[in-house]
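Next up, coords_3.cif (mmCIF, C-alpha atoms, pLDDT in the B column; chains and numbers go by the auth columns):
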```cif
data_work
#
loop_
_atom_site.group_PDB
_atom_site.id
_atom_site.type_symbol
_atom_site.label_atom_id
_atom_site.label_comp_id
_atom_site.label_asym_id
_atom_site.label_seq_id
_atom_site.Cartn_x
_atom_site.Cartn_y
_atom_site.Cartn_z
_atom_site.B_iso_or_equiv
_atom_site.auth_seq_id
_atom_site.auth_asym_id
ATOM 1 C CA MET A 1 48.922 -19.469 110.592 52.00 292 A
ATOM 2 C CA ASN A 2 52.175 -18.127 109.193 63.00 293 A
ATOM 3 C CA GLN A 3 52.256 -17.029 105.598 72.00 294 A
ATOM 4 C CA ARG A 4 54.693 -18.999 103.452 80.00 295 A
ATOM 5 C CA LYS A 5 56.526 -17.598 100.429 86.00 296 A
ATOM 6 C CA TYR A 6 56.551 -19.518 97.162 89.00 297 A
ATOM 7 C CA VAL A 7 58.645 -18.872 94.088 92.00 298 A
ATOM 8 C CA GLU A 8 57.303 -19.873 90.670 93.00 299 A
ATOM 9 C CA LEU A 9 58.837 -19.884 87.209 94.00 300 A
ATOM 10 C CA SER A 10 57.375 -21.023 83.914 94.00 301 A
ATOM 11 C CA CYS A 11 58.879 -21.214 80.452 92.00 302 A
ATOM 12 C CA ARG A 12 55.924 -19.203 79.128 92.00 303 A
ATOM 13 C CA ASP A 13 56.662 -16.361 81.549 89.00 304 A
ATOM 14 C CA ALA A 14 60.260 -16.415 80.304 86.00 305 A
ATOM 15 C CA GLY A 15 59.074 -16.159 76.688 86.00 306 A
ATOM 16 C CA ALA A 16 59.253 -19.798 75.545 88.00 307 A
ATOM 17 C CA ASP A 17 56.434 -21.817 73.965 93.00 308 A
ATOM 18 C CA CYS A 18 56.571 -24.545 76.619 95.00 309 A
ATOM 19 C CA ASP A 19 54.276 -25.657 79.453 96.00 310 A
ATOM 20 C CA PHE A 20 57.070 -26.306 81.999 96.00 311 A
ATOM 21 C CA MET A 21 56.465 -24.707 85.394 95.00 312 A
ATOM 22 C CA VAL A 22 58.260 -25.124 88.707 94.00 313 A
ATOM 23 C CA ARG A 23 57.269 -23.890 92.161 92.00 314 A
ATOM 24 C CA SER A 24 59.222 -24.100 95.403 92.00 315 A
ATOM 25 C CA GLU A 25 59.791 -22.256 98.632 89.00 316 A
ATOM 26 C CA LYS A 26 63.443 -21.775 97.595 91.00 317 A
ATOM 27 C CA GLU A 27 64.548 -19.620 94.670 88.00 318 A
ATOM 28 C CA ASP A 28 67.809 -21.537 94.254 90.00 319 A
ATOM 29 C CA GLU A 29 65.855 -24.782 93.818 93.00 320 A
ATOM 30 C CA VAL A 30 63.631 -23.141 91.189 91.00 321 A
ATOM 31 C CA MET A 31 66.724 -21.913 89.330 88.00 322 A
ATOM 32 C CA ARG A 32 68.386 -25.357 89.530 91.00 323 A
ATOM 33 C CA LEU A 33 65.324 -27.197 88.235 93.00 324 A
ATOM 34 C CA ALA A 34 64.736 -24.610 85.515 91.00 325 A
ATOM 35 C CA GLY A 35 68.370 -24.948 84.435 90.00 326 A
ATOM 36 C CA GLU A 36 68.058 -28.738 84.210 94.00 327 A
ATOM 37 C CA HIS A 37 64.868 -28.371 82.178 94.00 328 A
ATOM 38 C CA ALA A 38 66.439 -25.772 79.850 92.00 329 A
ATOM 39 C CA CYS A 39 69.345 -28.104 79.104 95.00 330 A
ATOM 40 C CA GLU A 40 67.276 -31.265 78.637 96.00 331 A
ATOM 41 C CA SER A 41 64.309 -29.785 76.755 95.00 332 A
ATOM 42 C CA HIS A 42 65.628 -26.663 75.030 93.00 333 A
ATOM 43 C CA ASN A 43 69.321 -27.533 74.563 95.00 334 A
ATOM 44 C CA ILE A 44 70.294 -24.406 76.534 92.00 335 A
ATOM 45 C CA CYS A 45 72.956 -25.798 78.814 94.00 336 A
ATOM 46 C CA GLU A 46 74.948 -22.631 79.465 91.00 337 A
ATOM 47 C CA ILE A 47 73.159 -19.957 81.456 85.00 338 A
ATOM 48 C CA THR A 48 74.757 -16.630 80.581 89.00 339 A
ATOM 49 C CA PRO A 49 74.462 -13.692 82.977 91.00 340 A
ATOM 50 C CA GLU A 50 72.016 -12.072 80.532 90.00 341 A
ATOM 51 C CA LEU A 51 69.815 -15.198 80.411 85.00 342 A
ATOM 52 C CA LYS A 52 69.999 -15.593 84.190 85.00 343 A
ATOM 53 C CA GLY A 53 68.751 -12.015 84.559 88.00 344 A
ATOM 54 C CA LYS A 54 65.859 -12.680 82.168 86.00 345 A
ATOM 55 C CA ILE A 55 64.929 -15.822 84.080 85.00 346 A
ATOM 56 C CA GLN A 56 65.107 -14.089 87.461 86.00 347 A
ATOM 57 C CA ALA A 57 62.922 -11.262 86.118 90.00 348 A
ATOM 58 C CA SER A 58 60.308 -13.880 85.141 91.00 349 A
ATOM 59 C CA ILE A 59 60.088 -15.376 88.633 91.00 350 A
ATOM 60 C CA LYS A 60 56.825 -14.817 90.466 92.00 351 A
ATOM 61 C CA ILE A 61 56.760 -14.661 94.249 90.00 352 A
ATOM 62 C CA PHE A 62 53.553 -15.201 96.178 84.00 353 A
ATOM 63 C CA GLY A 63 52.445 -16.268 99.598 82.00 354 A
ATOM 64 C CA CYS A 64 49.651 -18.244 101.132 69.00 355 A
ATOM 65 C CA GLU A 65 48.659 -19.584 104.494 62.00 356 A
ATOM 66 C CA GLY A 66 48.875 -23.302 105.064 58.00 357 A
ATOM 67 C CA ALA A 67 49.053 -25.373 101.889 58.00 358 A
ATOM 68 C CA CYS A 68 48.989 -23.655 98.497 58.00 359 A
ATOM 69 C CA TYR A 69 47.131 -25.155 95.580 55.00 360 A
ATOM 70 C CA SER A 70 46.930 -23.883 92.046 48.00 361 A
#
```
Render the structure in this file as structure tokens.
Amino acid sequence: MNQRKYVELSCRDAGADCDFMVRSEKEDEVMRLAGEHACESHNICEITPELKGKIQASIKIFGCEGACYS
């Protein structure tokens, strides 16, 4: 089986007291969903370059064979 890459981001990993977590095979999808969540739940609707860097530094990348379950 081929190993698949997954990208994961949580608010807690980014330093927020929030249980939101998103996981996808695509980093751009993780960033899009995290941005929507930040605007709707944390009233952070403008992602500055500094904040984007902090978010990207909080992303975890892992792989697994077949289906991944947490």
Do you know which residues lie at most 9 Å from (71.3, -19.1, 88.0), with coordinates as in the file and all atoms listed in the file counted, and could you write them as a PDB file with C-alpha atoms, in the frame of the given file?
```pdb
ATOM      1  CA  ASP A 319      67.809 -21.537  94.254  1.00 90.00           C
ATOM      2  CA  MET A 322      66.724 -21.913  89.330  1.00 88.00           C
ATOM      3  CA  ARG A 323      68.386 -25.357  89.530  1.00 91.00           C
ATOM      4  CA  ALA A 325      64.736 -24.610  85.515  1.00 91.00           C
ATOM      5  CA  GLY A 326      68.370 -24.948  84.435  1.00 90.00           C
ATOM      6  CA  ILE A 338      73.159 -19.957  81.456  1.00 85.00           C
ATOM      7  CA  THR A 339      74.757 -16.630  80.581  1.00 89.00           C
ATOM      8  CA  PRO A 340      74.462 -13.692  82.977  1.00 91.00           C
ATOM      9  CA  LEU A 342      69.815 -15.198  80.411  1.00 85.00           C
ATOM     10  CA  LYS A 343      69.999 -15.593  84.190  1.00 85.00           C
ATOM     11  CA  GLY A 344      68.751 -12.015  84.559  1.00 88.00           C
ATOM     12  CA  ILE A 346      64.929 -15.822  84.080  1.00 85.00           C
ATOM     13  CA  GLN A 347      65.107 -14.089  87.461  1.00 86.00           C
TER      14      GLN A 347
END
```
Could you list, as an NGL selection string, every residue within 8 Å of Asp310 of chain A, counting only C-alpha atoms and ignoring same-chain residues fewer than 5 positions away?
:A and (301-303)
Nearest residue to Lys296 of chain A out of A:Glu316, A:His328, A:Lys351, A:Phe311, using all atoms listed in the file?
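That would be A:Glu316, the residue with the smallest distance to Lys296 of chain A.
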Closest of A:Cys330, A:Met312, A:Val321, A:Ile352 to Arg295 of chain A - atom-to-atom distances counting only C-alpha atoms:
A:Ile352
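In this structure, atom CA of Asn334 of chain A sits 20.8 Å away from atom CA of Ile350 of chain A.
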If you count only C-alpha atoms, the residue of A:Gly354, A:Lys345, A:Glu318, A:Ile335 closest to Asp304 of chain A turns out to be A:Lys345
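With atom CA of Arg314 of chain A on one side and atom CA of Phe353 of chain A on the other, the separation reads 10.3 Å.
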When distances are computed from only C-alpha atoms, which of A:Val313, A:Cys336, A:Ala329, A:Ala348 shows the smallest separation from Leu300 of chain A?
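Nearest to Leu300 of chain A: A:Val313.
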Provide the atom CA of His333 of chain A to atom CA of Val298 of chain A distance in Å, to one decimal place.
21.7 Å
Centre and edges of the segment 309-321 of chain A box, axis-aligned, 5 Å extra per side, as AutoDock Vina command-line options:
```
--center_x 61.0 --center_y -23.0 --center_z 87.6 --size_x 23.5 --size_y 16.7 --size_z 32.0
```
Considering all atoms listed in the file, state which residue in the set A:Ala305, A:Gln294, A:Glu299, A:Lys317 is at the smallest distance from Ser349 of chain A.
A:Ala305
